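**Q** You'll find query.pdb just under this line, and it carries PDB, C-alpha atoms, pLDDT in the B column.
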ATOM      1  CA  MET Z 155     117.007 101.390 100.508  1.00 34.00           C
ATOM      2  CA  SER Z 156     114.131 101.870  98.110  1.00 45.00           C
ATOM      3  CA  ARG Z 157     114.589 102.116  94.359  1.00 48.00           C
ATOM      4  CA  LEU Z 158     112.248 105.114  94.383  1.00 57.00           C
ATOM      5  CA  ARG Z 159     113.585 108.595  93.860  1.00 69.00           C
ATOM      6  CA  ALA Z 160     111.519 111.687  94.512  1.00 80.00           C
ATOM      7  CA  LYS Z 161     111.478 115.395  93.795  1.00 82.00           C
ATOM      8  CA  CYS Z 162     112.086 117.455  96.927  1.00 88.00           C
ATOM      9  CA  PRO Z 163     109.303 120.047  97.439  1.00 89.00           C
ATOM     10  CA  TYR Z 164     111.824 122.584  98.768  1.00 88.00           C
ATOM     11  CA  CYS Z 165     114.952 122.460  96.606  1.00 89.00           C
ATOM     12  CA  ARG Z 166     113.137 120.796  93.650  1.00 86.00           C
ATOM     13  CA  THR Z 167     115.896 118.276  92.999  1.00 85.00           C
ATOM     14  CA  PHE Z 168     115.410 114.563  92.325  1.00 81.00           C
ATOM     15  CA  THR Z 169     117.782 113.506  95.079  1.00 72.00           C
ATOM     16  CA  ALA Z 170     115.230 112.591  97.750  1.00 67.00           C
ATOM     17  CA  VAL Z 171     115.283 108.812  98.230  1.00 65.00           C
ATOM     18  CA  ALA Z 172     113.349 106.458 100.486  1.00 60.00           C
ATOM     19  CA  VAL Z 173     115.170 105.041 103.507  1.00 53.00           C
ATOM     20  CA  GLY Z 174     112.748 102.768 105.333  1.00 58.00           C
ATOM     21  CA  PRO Z 175     109.458 104.652 105.740  1.00 67.00           C
ATOM     22  CA  ASP Z 176     111.138 108.072 105.600  1.00 75.00           C
ATOM     23  CA  TYR Z 177     112.654 110.296 102.955  1.00 80.00           C
ATOM     24  CA  GLU Z 178     115.785 112.392 103.207  1.00 82.00           C
ATOM     25  CA  CYS Z 179     116.747 114.855 100.510  1.00 85.00           C
ATOM     26  CA  HIS Z 180     120.415 114.299  99.768  1.00 83.00           C
ATOM     27  CA  SER Z 181     120.655 117.810  98.377  1.00 87.00           C
ATOM     28  CA  CYS Z 182     119.156 120.029 101.091  1.00 88.00           C
ATOM     29  CA  GLY Z 183     119.000 117.517 103.946  1.00 86.00           C
ATOM     30  CA  ARG Z 184     115.304 117.881 104.765  1.00 86.00           C
ATOM     31  CA  GLN Z 185     113.507 114.785 106.034  1.00 86.00           C
ATOM     32  CA  PHE Z 186     109.979 113.630 105.266  1.00 89.00           C
ATOM     33  CA  HIS Z 187     107.706 110.882 106.536  1.00 90.00           C
ATOM     34  CA  ALA Z 188     105.804 110.079 103.330  1.00 92.00           C
ATOM     35  CA  GLY Z 189     106.243 110.128  99.581  1.00 91.00           C
ATOM     36  CA  LEU Z 190     103.652 111.960  97.487  1.00 94.00           C
ATOM     37  CA  VAL Z 191     101.950 110.092  94.648  1.00 95.00           C
ATOM     38  CA  ARG Z 192      99.856 112.223  92.305  1.00 97.00           C
ATOM     39  CA  VAL Z 193      96.865 110.616  90.553  1.00 98.00           C
ATOM     40  CA  PRO Z 194      95.403 113.285  88.228  1.00 98.00           C
ATOM     41  CA  GLN Z 195      92.315 111.416  87.085  1.00 97.00           C
ATOM     42  CA  ALA Z 196      88.563 111.445  87.716  1.00 97.00           C
ATOM     43  CA  TRP Z 197      86.435 108.495  86.649  1.00 97.00           C
ATOM     44  CA  GLY Z 198      83.112 110.184  85.981  1.00 96.00           C
ATOM     45  CA  ASP Z 199      81.493 113.160  84.311  1.00 95.00           C
ATOM     46  CA  GLY Z 200      82.666 116.708  84.972  1.00 95.00           C
ATOM     47  CA  GLY Z 201      85.505 115.918  87.343  1.00 96.00           C
ATOM     48  CA  GLU Z 202      88.114 118.181  85.776  1.00 96.00           C
ATOM     49  CA  VAL Z 203      88.302 120.260  88.959  1.00 96.00           C
ATOM     50  CA  MET Z 204      89.510 117.207  90.893  1.00 98.00           C
ATOM     51  CA  VAL Z 205      92.041 116.340  88.214  1.00 98.00           C
ATOM     52  CA  GLU Z 206      93.602 119.793  88.505  1.00 98.00           C
ATOM     53  CA  ALA Z 207      93.688 119.509  92.306  1.00 98.00           C
ATOM     54  CA  ALA Z 208      96.082 116.558  92.066  1.00 98.00           C
ATOM     55  CA  TRP Z 209      98.768 119.153  91.220  1.00 97.00           C
ATOM     56  CA  LEU Z 210      98.497 121.091  94.479  1.00 97.00           C
ATOM     57  CA  GLU Z 211     101.920 121.809  95.945  1.00 95.00           C
ATOM     58  CA  LEU Z 212     101.976 119.878  99.204  1.00 96.00           C
ATOM     59  CA  PRO Z 213     105.179 119.755 101.312  1.00 93.00           C
ATOM     60  CA  PHE Z 214     106.096 116.157 100.471  1.00 93.00           C
ATOM     61  CA  PRO Z 215     108.607 114.708  98.010  1.00 92.00           C
ATOM     62  CA  GLU Z 216     106.955 113.682  94.760  1.00 90.00           C
ATOM     63  CA  ALA Z 217     107.634 109.974  94.312  1.00 89.00           C
ATOM     64  CA  ALA Z 218     105.387 109.210  91.337  1.00 91.00           C
ATOM     65  CA  VAL Z 219     102.710 110.502  88.988  1.00 95.00           C
ATOM     66  CA  ILE Z 220     100.174 107.873  87.913  1.00 96.00           C
ATOM     67  CA  GLU Z 221      98.330 108.450  84.641  1.00 96.00           C
ATOM     68  CA  ALA Z 222      96.492 105.597  82.919  1.00 96.00           C
ATOM     69  CA  ASP Z 223      93.820 104.936  80.317  1.00 97.00           C
ATOM     70  CA  SER Z 224      91.630 102.815  82.572  1.00 97.00           C
ATOM     71  CA  LEU Z 225      90.915 102.486  86.282  1.00 97.00           C
ATOM     72  CA  GLU Z 226      92.300  98.962  86.281  1.00 97.00           C
ATOM     73  CA  GLU Z 227      95.589 100.160  84.775  1.00 98.00           C
ATOM     74  CA  GLN Z 228      95.678 103.068  87.235  1.00 98.00           C
ATOM     75  CA  SER Z 229      95.205 100.796  90.237  1.00 98.00           C
ATOM     76  CA  LEU Z 230      97.865  98.333  89.078  1.00 97.00           C
ATOM     77  CA  ALA Z 231     100.379 101.103  88.389  1.00 96.00           C
ATOM     78  CA  LEU Z 232      99.693 102.786  91.706  1.00 96.00           C
ATOM     79  CA  ALA Z 233     100.066  99.550  93.661  1.00 95.00           C
ATOM     80  CA  ALA Z 234     103.371  98.891  91.889  1.00 91.00           C
ATOM     81  CA  ASP Z 235     104.827 102.376  92.459  1.00 88.00           C
ATOM     82  CA  LEU Z 236     103.842 102.973  96.076  1.00 92.00           C
ATOM     83  CA  PRO Z 237     106.540 104.425  98.309  1.00 89.00           C
ATOM     84  CA  GLU Z 238     107.134 102.775 101.667  1.00 89.00           C
ATOM     85  CA  ARG Z 239     104.596 105.190 103.190  1.00 93.00           C
ATOM     86  CA  PRO Z 240     102.466 106.853 100.498  1.00 94.00           C
ATOM     87  CA  LEU Z 241     100.444 110.046 100.545  1.00 96.00           C
ATOM     88  CA  VAL Z 242      98.153 109.802  97.526  1.00 98.00           C
ATOM     89  CA  LEU Z 243      96.803 113.046  96.061  1.00 98.00           C
ATOM     90  CA  GLY Z 244      93.863 112.542  93.667  1.00 97.00           C
ATOM     91  CA  GLY Z 245      91.758 113.047  91.624  1.00 95.00           C
ATOM     92  CA  ASP Z 246      88.712 111.249  92.836  1.00 97.00           C
ATOM     93  CA  CYS Z 247      88.321 108.530  95.456  1.00 98.00           C
ATOM     94  CA  CYS Z 248      89.190 105.804  92.955  1.00 98.00           C
ATOM     95  CA  SER Z 249      92.770 106.915  93.664  1.00 98.00           C
ATOM     96  CA  HIS Z 250      92.536 104.999  96.948  1.00 98.00           C
ATOM     97  CA  ILE Z 251      91.930 101.637  95.261  1.00 98.00           C
ATOM     98  CA  GLY Z 252      95.471 100.948  94.075  1.00 97.00           C
ATOM     99  CA  ALA Z 253      96.931 102.316  97.305  1.00 98.00           C
ATOM    100  CA  VAL Z 254      94.849 100.030  99.510  1.00 98.00           C
ATOM    101  CA  GLU Z 255      95.451  97.039  97.230  1.00 97.00           C
ATOM    102  CA  GLY Z 256      99.197  97.622  97.217  1.00 97.00           C
ATOM    103  CA  LEU Z 257      99.440  98.129 100.966  1.00 97.00           C
ATOM    104  CA  ALA Z 258      97.179  95.127 101.662  1.00 97.00           C
ATOM    105  CA  ALA Z 259      99.481  92.965  99.542  1.00 96.00           C
ATOM    106  CA  ARG Z 260     102.432  94.106 101.650  1.00 94.00           C
ATOM    107  CA  GLN Z 261     100.750  93.869 105.029  1.00 94.00           C
ATOM    108  CA  GLY Z 262      98.472  90.868 104.636  1.00 93.00           C
ATOM    109  CA  ARG Z 263      95.594  92.642 106.393  1.00 95.00           C
ATOM    110  CA  ILE Z 264      94.815  96.315 106.559  1.00 97.00           C
ATOM    111  CA  SER Z 265      92.083  98.475 108.041  1.00 98.00           C
ATOM    112  CA  VAL Z 266      90.670 101.501 106.252  1.00 98.00           C
ATOM    113  CA  VAL Z 267      89.291 104.667 107.807  1.00 98.00           C
ATOM    114  CA  TRP Z 268      87.242 106.291 105.031  1.00 98.00           C
ATOM    115  CA  LEU Z 269      86.133 109.881 105.673  1.00 98.00           C
ATOM    116  CA  ASP Z 270      83.596 111.047 103.114  1.00 98.00           C
ATOM    117  CA  ALA Z 271      80.335 112.951 102.886  1.00 97.00           C
ATOM    118  CA  HIS Z 272      79.183 110.129 100.611  1.00 97.00           C
ATOM    119  CA  GLY Z 273      79.318 106.367 100.988  1.00 97.00           C
ATOM    120  CA  ASP Z 274      81.197 105.407  97.799  1.00 98.00           C
ATOM    121  CA  LEU Z 275      79.402 102.077  98.210  1.00 98.00           C
ATOM    122  CA  ASN Z 276      77.394 101.946  94.993  1.00 97.00           C
ATOM    123  CA  THR Z 277      77.788  99.413  92.211  1.00 97.00           C
ATOM    124  CA  PRO Z 278      77.194  99.954  88.485  1.00 96.00           C
ATOM    125  CA  GLU Z 279      73.715  98.515  89.045  1.00 97.00           C
ATOM    126  CA  THR Z 280      72.770 100.754  91.991  1.00 96.00           C
ATOM    127  CA  SER Z 281      74.490 104.046  91.121  1.00 95.00           C
ATOM    128  CA  PRO Z 282      72.064 106.868  90.250  1.00 94.00           C
ATOM    129  CA  SER Z 283      74.760 108.757  88.311  1.00 93.00           C
ATOM    130  CA  GLY Z 284      76.878 105.961  86.877  1.00 95.00           C
ATOM    131  CA  ASN Z 285      80.027 107.799  88.007  1.00 96.00           C
ATOM    132  CA  THR Z 286      82.669 105.286  89.055  1.00 97.00           C
ATOM    133  CA  TRP Z 287      83.949 107.663  91.741  1.00 97.00           C
ATOM    134  CA  GLY Z 288      80.858 106.703  93.766  1.00 97.00           C
ATOM    135  CA  MET Z 289      81.951 103.046  93.938  1.00 98.00           C
ATOM    136  CA  PRO Z 290      85.573 102.643  95.140  1.00 98.00           C
ATOM    137  CA  LEU Z 291      84.949 101.597  98.745  1.00 98.00           C
ATOM    138  CA  ARG Z 292      82.471  98.974  97.568  1.00 98.00           C
ATOM    139  CA  MET Z 293      85.046  97.753  95.033  1.00 98.00           C
ATOM    140  CA  LEU Z 294      87.670  97.306  97.743  1.00 98.00           C
ATOM    141  CA  ILE Z 295      85.268  95.335  99.915  1.00 98.00           C
ATOM    142  CA  ASP Z 296      83.846  93.206  97.098  1.00 97.00           C
ATOM    143  CA  THR Z 297      87.307  92.239  95.817  1.00 97.00           C
ATOM    144  CA  GLY Z 298      88.481  91.298  99.307  1.00 97.00           C
ATOM    145  CA  ALA Z 299      91.257  93.883  99.458  1.00 97.00           C
ATOM    146  CA  VAL Z 300      89.780  94.899 102.815  1.00 98.00           C
ATOM    147  CA  GLU Z 301      87.204  93.218 105.032  1.00 97.00           C
ATOM    148  CA  ALA Z 302      84.014  95.181 105.736  1.00 98.00           C
ATOM    149  CA  ARG Z 303      84.556  94.786 109.485  1.00 97.00           C
ATOM    150  CA  ASP Z 304      87.970  96.467 109.086  1.00 98.00           C
ATOM    151  CA  VAL Z 305      86.401  99.594 107.533  1.00 98.00           C
ATOM    152  CA  ALA Z 306      85.177 102.679 109.397  1.00 98.00           C
ATOM    153  CA  LEU Z 307      83.054 105.085 107.335  1.00 98.00           C
ATOM    154  CA  VAL Z 308      83.173 108.509 108.984  1.00 98.00           C
ATOM    155  CA  GLY Z 309      81.219 111.670 108.201  1.00 97.00           C
ATOM    156  CA  ALA Z 310      78.861 110.182 105.581  1.00 97.00           C
ATOM    157  CA  ARG Z 311      75.652 112.207 105.393  1.00 95.00           C
ATOM    158  CA  ASN Z 312      74.471 111.858 101.798  1.00 95.00           C
ATOM    159  CA  LEU Z 313      73.815 108.169 101.168  1.00 97.00           C
ATOM    160  CA  ASP Z 314      71.775 106.473  98.474  1.00 96.00           C
ATOM    161  CA  PRO Z 315      69.229 103.872  99.666  1.00 97.00           C
ATOM    162  CA  PRO Z 316      71.241 100.910  98.265  1.00 97.00           C
ATOM    163  CA  GLU Z 317      74.278 102.179 100.179  1.00 98.00           C
ATOM    164  CA  GLU Z 318      72.259 102.320 103.388  1.00 97.00           C
ATOM    165  CA  GLU Z 319      71.099  98.745 102.782  1.00 97.00           C
ATOM    166  CA  PHE Z 320      74.673  97.566 102.220  1.00 97.00           C
ATOM    167  CA  ILE Z 321      75.885  99.280 105.401  1.00 97.00           C
ATOM    168  CA  ALA Z 322      73.099  97.615 107.398  1.00 96.00           C
ATOM    169  CA  THR Z 323      74.136  94.114 106.314  1.00 97.00           C
ATOM    170  CA  SER Z 324      77.872  94.267 105.602  1.00 96.00           C
ATOM    171  CA  GLY Z 325      79.443  94.889 109.001  1.00 96.00           C
ATOM    172  CA  ILE Z 326      81.028  98.233 108.096  1.00 98.00           C
ATOM    173  CA  ARG Z 327      81.692 100.348 111.203  1.00 97.00           C
ATOM    174  CA  LEU Z 328      80.214 103.831 111.293  1.00 97.00           C
ATOM    175  CA  GLY Z 329      81.365 107.155 112.681  1.00 95.00           C
ATOM    176  CA  GLU Z 330      84.218 108.050 114.963  1.00 94.00           C
ATOM    177  CA  GLU Z 331      82.971 105.534 117.517  1.00 94.00           C
ATOM    178  CA  GLY Z 332      83.416 102.768 114.934  1.00 96.00           C
ATOM    179  CA  ILE Z 333      87.095 103.459 114.344  1.00 97.00           C
ATOM    180  CA  THR Z 334      88.353 101.535 117.375  1.00 95.00           C
ATOM    181  CA  ALA Z 335      86.605  98.329 116.321  1.00 95.00           C
ATOM    182  CA  ALA Z 336      87.727  98.730 112.699  1.00 97.00           C
ATOM    183  CA  VAL Z 337      91.435  99.128 113.460  1.00 96.00           C
ATOM    184  CA  GLU Z 338      91.923  96.905 116.505  1.00 93.00           C
ATOM    185  CA  GLU Z 339      92.629  93.615 114.686  1.00 90.00           C
ATOM    186  CA  ALA Z 340      94.327  94.636 111.435  1.00 94.00           C
ATOM    187  CA  GLY Z 341      97.429  96.217 112.966  1.00 88.00           C
ATOM    188  CA  CYS Z 342      97.859  98.900 110.304  1.00 96.00           C
ATOM    189  CA  THR Z 343      95.614 101.458 108.662  1.00 98.00           C
ATOM    190  CA  TYR Z 344      95.143 103.432 105.465  1.00 98.00           C
ATOM    191  CA  VAL Z 345      93.264 106.729 105.814  1.00 98.00           C
ATOM    192  CA  ALA Z 346      91.131 107.862 102.871  1.00 98.00           C
ATOM    193  CA  LEU Z 347      90.077 111.497 103.178  1.00 98.00           C
ATOM    194  CA  ASP Z 348      87.567 112.730 100.632  1.00 98.00           C
ATOM    195  CA  CYS Z 349      87.720 116.382 101.537  1.00 98.00           C
ATOM    196  CA  ASP Z 350      84.007 116.937 101.007  1.00 97.00           C
ATOM    197  CA  VAL Z 351      83.625 115.437 104.495  1.00 98.00           C
ATOM    198  CA  VAL Z 352      84.816 118.841 105.758  1.00 98.00           C
ATOM    199  CA  GLU Z 353      82.520 121.786 106.375  1.00 96.00           C
ATOM    200  CA  PRO Z 354      82.424 123.638 103.013  1.00 95.00           C
ATOM    201  CA  ASP Z 355      83.697 126.968 104.316  1.00 95.00           C
ATOM    202  CA  GLU Z 356      86.927 125.356 105.567  1.00 97.00           C
ATOM    203  CA  LEU Z 357      88.155 123.639 102.390  1.00 97.00           C
ATOM    204  CA  SER Z 358      87.527 124.191  98.703  1.00 97.00           C
ATOM    205  CA  VAL Z 359      86.153 120.911  97.325  1.00 97.00           C
ATOM    206  CA  PHE Z 360      84.525 119.511  94.197  1.00 97.00           C
ATOM    207  CA  MET Z 361      81.250 118.376  95.773  1.00 96.00           C
ATOM    208  CA  PRO Z 362      80.549 120.386  98.957  1.00 96.00           C
ATOM    209  CA  GLU Z 363      77.964 119.073 101.407  1.00 95.00           C
ATOM    210  CA  PRO Z 364      76.606 121.044 104.394  1.00 95.00           C
ATOM    211  CA  ASP Z 365      77.005 120.007 108.032  1.00 95.00           C
ATOM    212  CA  GLY Z 366      80.498 118.606 107.683  1.00 96.00           C
ATOM    213  CA  LEU Z 367      83.272 118.037 110.195  1.00 97.00           C
ATOM    214  CA  SER Z 368      85.615 120.903 110.978  1.00 97.00           C
ATOM    215  CA  VAL Z 369      89.314 120.719 110.156  1.00 98.00           C
ATOM    216  CA  ALA Z 370      89.985 120.926 113.911  1.00 98.00           C
ATOM    217  CA  GLU Z 371      87.730 117.917 114.566  1.00 98.00           C
ATOM    218  CA  ILE Z 372      89.470 115.834 111.920  1.00 98.00           C
ATOM    219  CA  GLU Z 373      92.881 116.951 113.163  1.00 98.00           C
ATOM    220  CA  ARG Z 374      91.973 115.684 116.652  1.00 98.00           C
ATOM    221  CA  LEU Z 375      90.564 112.445 115.228  1.00 98.00           C
ATOM    222  CA  PHE Z 376      93.740 111.889 113.184  1.00 98.00           C
ATOM    223  CA  GLY Z 377      95.950 112.486 116.206  1.00 97.00           C
ATOM    224  CA  ASP Z 378      94.001 109.885 118.180  1.00 97.00           C
ATOM    225  CA  LEU Z 379      94.151 107.473 115.244  1.00 97.00           C
ATOM    226  CA  ALA Z 380      97.924 107.847 114.850  1.00 96.00           C
ATOM    227  CA  ARG Z 381      98.372 106.942 118.522  1.00 95.00           C
ATOM    228  CA  ARG Z 382      96.075 103.923 118.205  1.00 94.00           C
ATOM    229  CA  THR Z 383      97.317 102.256 115.028  1.00 96.00           C
ATOM    230  CA  ASN Z 384     100.163 102.180 112.523  1.00 96.00           C
ATOM    231  CA  VAL Z 385      99.158 104.563 109.727  1.00 97.00           C
ATOM    232  CA  VAL Z 386     100.917 103.092 106.691  1.00 96.00           C
ATOM    233  CA  GLY Z 387      99.477 105.513 104.161  1.00 96.00           C
ATOM    234  CA  ALA Z 388      96.813 108.079 103.403  1.00 98.00           C
ATOM    235  CA  GLY Z 389      95.061 109.693 100.473  1.00 98.00           C
ATOM    236  CA  LEU Z 390      93.485 113.103  99.814  1.00 98.00           C
ATOM    237  CA  THR Z 391      90.770 113.396  97.183  1.00 98.00           C
ATOM    238  CA  GLY Z 392      87.748 115.420  96.091  1.00 98.00           C
ATOM    239  CA  LEU Z 393      89.516 118.775  96.161  1.00 98.00           C
ATOM    240  CA  SER Z 394      89.638 121.801  93.909  1.00 97.00           C
ATOM    241  CA  PHE Z 395      92.866 123.555  92.987  1.00 97.00           C
ATOM    242  CA  GLU Z 396      92.959 126.349  95.573  1.00 97.00           C
ATOM    243  CA  ARG Z 397      96.181 127.318  97.337  1.00 95.00           C
ATOM    244  CA  SER Z 398      94.176 127.964 100.495  1.00 97.00           C
ATOM    245  CA  ASN Z 399      93.748 124.187 100.755  1.00 98.00           C
ATOM    246  CA  VAL Z 400      97.459 123.555 101.305  1.00 97.00           C
ATOM    247  CA  GLU Z 401      97.787 124.767 104.897  1.00 97.00           C
ATOM    248  CA  PRO Z 402      94.860 122.789 106.361  1.00 98.00           C
ATOM    249  CA  LEU Z 403      95.868 119.669 104.422  1.00 98.00           C
ATOM    250  CA  ALA Z 404      99.404 119.975 105.782  1.00 96.00           C
ATOM    251  CA  ARG Z 405      97.941 120.187 109.297  1.00 97.00           C
ATOM    252  CA  LEU Z 406      95.865 117.071 108.788  1.00 98.00           C
ATOM    253  CA  THR Z 407      98.679 114.974 107.322  1.00 97.00           C
ATOM    254  CA  HIS Z 408     100.973 116.095 110.136  1.00 96.00           C
ATOM    255  CA  ALA Z 409      98.382 114.906 112.664  1.00 97.00           C
ATOM    256  CA  LEU Z 410      98.578 111.456 111.067  1.00 97.00           C
ATOM    257  CA  GLY Z 411     102.351 111.435 111.540  1.00 94.00           C
ATOM    258  CA  LEU Z 412     103.107 111.923 107.840  1.00 92.00           C
TER     259      LEU Z 412
END
Take the structure from the file and write it as C-alpha cells.

**A**
Amino acid sequence: MSRLRAKCPYCRTFTAVAVGPDYECHSCGRQFHAGLVRVPQAWGDGGEVMVEAAWLELPFPEAAVIEADSLEEQSLALAADLPERPLVLGGDCCSHIGAVEGLAARQGRISVVWLDAHGDLNTPETSPSGNTWGMPLRMLIDTGAVEARDVALVGARNLDPPEEEFIATSGIRLGEEGITAAVEEAGCTYVALDCDVVEPDELSVFMPEPDGLSVAEIERLFGDLARRTNVVGAGLTGLSFERSNVEPLARLTHALGL
C-alpha cells in the first residue's frame, strides 16, 4: 500500500489511497486508475494561462501539488511524489521531466510518446525565444532519462531548423508510424500530450497551431497504444483554463486506460 493519500474528485475527502496502480476512495468507494499530480508552473515568458490550467477539475484523485522555485527543484519533487500511475497536469511541458525521470528510475527503461505541435528539442543555445518550455524533450534525451530511439514525436508541425537537424541525426521516431518502433523494446511507456497538437477548435490551448490532430484521432491512437504497451503514466500540458476542456481530456485519458 502506498504512503500517498489523495483527494477524491467526487466526495472531496482525503481518504483515497493508492493500492497497487489503482486508487479506491475509502469514503465513497469509487475506484480510479491514476493519481493526479498538479504542476502549476510555466518556465518562460507569458505562460500564466498554462499555470491556471493546472487547476482544471479532472475526474482523478489529487495525489500531489508540485510548486518549486526552480525547474530542477520541480523535477526532483515530482519524481519523489509520483503515484504508482501518475497523471500529470501542467503547466508547460517541463512538467513531464520529473515524471519521466521518476518513472525511468523505477522501470529501468521507458519509452516516451510525445504529442506536440512543436518539437521541444531546443537547447539554450538554439532556442529563438529562450523559453525553457521549448526544451524539455531535448533535456530528457541529453540527460539519458530516455533514449532517442525510445521516443516517438507525434504531430509536430512547427519546428525550428536546429530541431529538424537534431531529429535527422538522433534516431527519434516520427509520427504515428514511429510509435511501434519506439515502444517495442522498452516495455512501458509515458505519454506526454501537449494539447496544442490538437486542432485548435477542439481544445482551448495556450499556443494553438493550425492543421492539428482531432480529438477522435488521438483517442484512437491512445486506444491502440494502450493495447500495445504498458502505459505507466501520462501528462497533459499547454492548456488554458476552460471547462470545455474537461470532457475531451477525460475521453483521452480513458482511452489510455487511466

**Q** Counting all atoms listed in the file, I want the residues whose atoms come within 8 Å of (89.1, 101.8, 112.4) in the file frame, returned as JSON, numbers by chain.

**A** {"Z": [265, 266, 267, 304, 305, 306, 327, 332, 333, 334, 335, 336, 337, 338, 343]}

**Q** Write out as a tab-separated table the residues of range 226-308 of chain Z that have any atom within 8 Å of an atom of range 193-201 of chain Z, one row each with the nearest atom pair and its distance in Å to one decimal, counting all atoms listed in the file, sorted by chain and then rising number.

**A**
residue	atom	partner	partner_atom	distance
Z:Val242	CA	Z:Val193	CA	7.1
Z:Leu243	CA	Z:Val193	CA	6.0
Z:Gly244	CA	Z:Val193	CA	4.7
Z:Gly245	CA	Z:Gln195	CA	4.9
Z:Asp246	CA	Z:Ala196	CA	5.1
Z:Cys248	CA	Z:Trp197	CA	7.4
Z:Ser249	CA	Z:Val193	CA	6.3
Z:Gly284	CA	Z:Gly198	CA	7.6
Z:Asn285	CA	Z:Gly198	CA	4.4
Z:Thr286	CA	Z:Trp197	CA	5.5
Z:Trp287	CA	Z:Trp197	CA	5.7

**Q** Using all atoms listed in the file, can you tell me which of Z:Gly325, Z:Pro290, Z:Gly411, Z:Pro163 comes closest to Glu226 in chain Z?

**A**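 Among the listed residues, the smallest separation from Glu226 in chain Z belongs to Z:Pro290.
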
**Q** Neighbours of Asp270 in chain Z within 6 Å (only C-alpha atoms; same-chain residues fewer than 2 positions away dropped), as a list in words?

**A**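 Those residues are His272, Gly309, Ala310, Asp348 and Val351 of chain Z.
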
**Q** May I have the residues within 8 Å of Gly189 in chain Z as a PyMOL selection string, using all atoms listed in the file and disregarding those fewer than 6 positions away in the same chain?

**A** chain Z and resi 160+177+214-217+237-241

**Q** Can you write just those residues out, C-alpha atoms, as a PDB file, keeping the file's coordinate frame?

**A**
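Listing of again12.pdb after writing:
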ATOM      1  CA  ALA Z 160     111.519 111.687  94.512  1.00 80.00           C
ATOM      2  CA  TYR Z 177     112.654 110.296 102.955  1.00 80.00           C
ATOM      3  CA  PHE Z 214     106.096 116.157 100.471  1.00 93.00           C
ATOM      4  CA  PRO Z 215     108.607 114.708  98.010  1.00 92.00           C
ATOM      5  CA  GLU Z 216     106.955 113.682  94.760  1.00 90.00           C
ATOM      6  CA  ALA Z 217     107.634 109.974  94.312  1.00 89.00           C
ATOM      7  CA  PRO Z 237     106.540 104.425  98.309  1.00 89.00           C
ATOM      8  CA  GLU Z 238     107.134 102.775 101.667  1.00 89.00           C
ATOM      9  CA  ARG Z 239     104.596 105.190 103.190  1.00 93.00           C
ATOM     10  CA  PRO Z 240     102.466 106.853 100.498  1.00 94.00           C
ATOM     11  CA  LEU Z 241     100.444 110.046 100.545  1.00 96.00           C
TER      12      LEU Z 241
END

**Q** Do you have the CA of Gly273 in chain Z-CA of Ala218 in chain Z distance handy?

**A**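 CA of Ala218 in chain Z lies at a distance of 27.9 Å from CA of Gly273 in chain Z.
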
**Q** Which distance in Å separates CA of Arg260 in chain Z and CA of Leu375 in chain Z, to one decimal?

**A** 25.7 Å

**Q** Go ahead and fit an axis-aligned box to every listed atom of range 215-222 of chain Z plus 5 Å each side, and pass me the centre and edge lengths in Å, one decimal, as lines of an AutoDock Vina configuration file.

**A**
center_x = 102.5
center_y = 110.2
center_z = 90.5
size_x = 22.1
size_y = 19.1
size_z = 25.1

**Q** What's the 6 Å shell around Ala388 in chain Z, counting all atoms listed in the file, without same-chain residues fewer than 4 positions away, as an mmCIF file with C-alpha atoms, in the coordinates of the input?

**A**
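Generated file (selection_0.cif):
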data_model
loop_
_atom_site.group_PDB
_atom_site.id
_atom_site.type_symbol
_atom_site.label_atom_id
_atom_site.label_comp_id
_atom_site.auth_asym_id
_atom_site.auth_seq_id
_atom_site.Cartn_x
_atom_site.Cartn_y
_atom_site.Cartn_z
ATOM 1 C CA LEU Z 241 100.444 110.046 100.545
ATOM 2 C CA TYR Z 344 95.143 103.432 105.465
ATOM 3 C CA VAL Z 345 93.264 106.729 105.814
ATOM 4 C CA ALA Z 346 91.131 107.862 102.871
#

**Q** Find, counting all atoms listed in the file, the residue in Z:Val359, Z:Leu347, Z:Leu210, Z:Val369 that gets nearest to Leu390 in chain Z.

**A**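 For Leu390 in chain Z, the nearest of the candidates is Z:Leu347.
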
**Q** Grab the CA of Ser368 in chain Z to CA of Asn384 in chain Z distance for me, in Å with one decimal place.

**A**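 It comes out at 23.8 Å.
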
**Q** Complete range 282-288 of chain Z at the level of N, CA, C and O atoms, written as an mmCIF file, keeping the file's coordinate frame.

**A**
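Listing of rebuild09.cif after writing:
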data_model
loop_
_atom_site.group_PDB
_atom_site.id
_atom_site.type_symbol
_atom_site.label_atom_id
_atom_site.label_comp_id
_atom_site.auth_asym_id
_atom_site.auth_seq_id
_atom_site.Cartn_x
_atom_site.Cartn_y
_atom_site.Cartn_z
ATOM 1 N N PRO Z 282 72.972 105.970 90.967
ATOM 2 C CA PRO Z 282 72.064 106.868 90.250
ATOM 3 C C PRO Z 282 72.748 107.627 89.122
ATOM 4 O O PRO Z 282 72.121 107.961 88.119
ATOM 5 N N SER Z 283 74.034 107.931 89.282
ATOM 6 C CA SER Z 283 74.760 108.757 88.311
ATOM 7 C C SER Z 283 75.568 107.949 87.315
ATOM 8 O O SER Z 283 75.851 108.422 86.212
ATOM 9 N N GLY Z 284 75.980 106.747 87.711
ATOM 10 C CA GLY Z 284 76.878 105.961 86.877
ATOM 11 C C GLY Z 284 78.333 106.360 87.006
ATOM 12 O O GLY Z 284 79.207 105.751 86.376
ATOM 13 N N ASN Z 285 78.643 107.369 87.830
ATOM 14 C CA ASN Z 285 80.027 107.799 88.007
ATOM 15 C C ASN Z 285 80.787 106.784 88.869
ATOM 16 O O ASN Z 285 80.376 106.471 89.986
ATOM 17 N N THR Z 286 81.903 106.318 88.353
ATOM 18 C CA THR Z 286 82.669 105.286 89.055
ATOM 19 C C THR Z 286 83.219 105.810 90.368
ATOM 20 O O THR Z 286 83.447 105.026 91.294
ATOM 21 N N TRP Z 287 83.396 107.132 90.488
ATOM 22 C CA TRP Z 287 83.949 107.663 91.741
ATOM 23 C C TRP Z 287 82.987 107.476 92.921
ATOM 24 O O TRP Z 287 83.375 107.707 94.065
ATOM 25 N N GLY Z 288 81.778 107.028 92.683
ATOM 26 C CA GLY Z 288 80.858 106.703 93.766
ATOM 27 C C GLY Z 288 80.890 105.240 94.170
ATOM 28 O O GLY Z 288 80.024 104.792 94.929
#
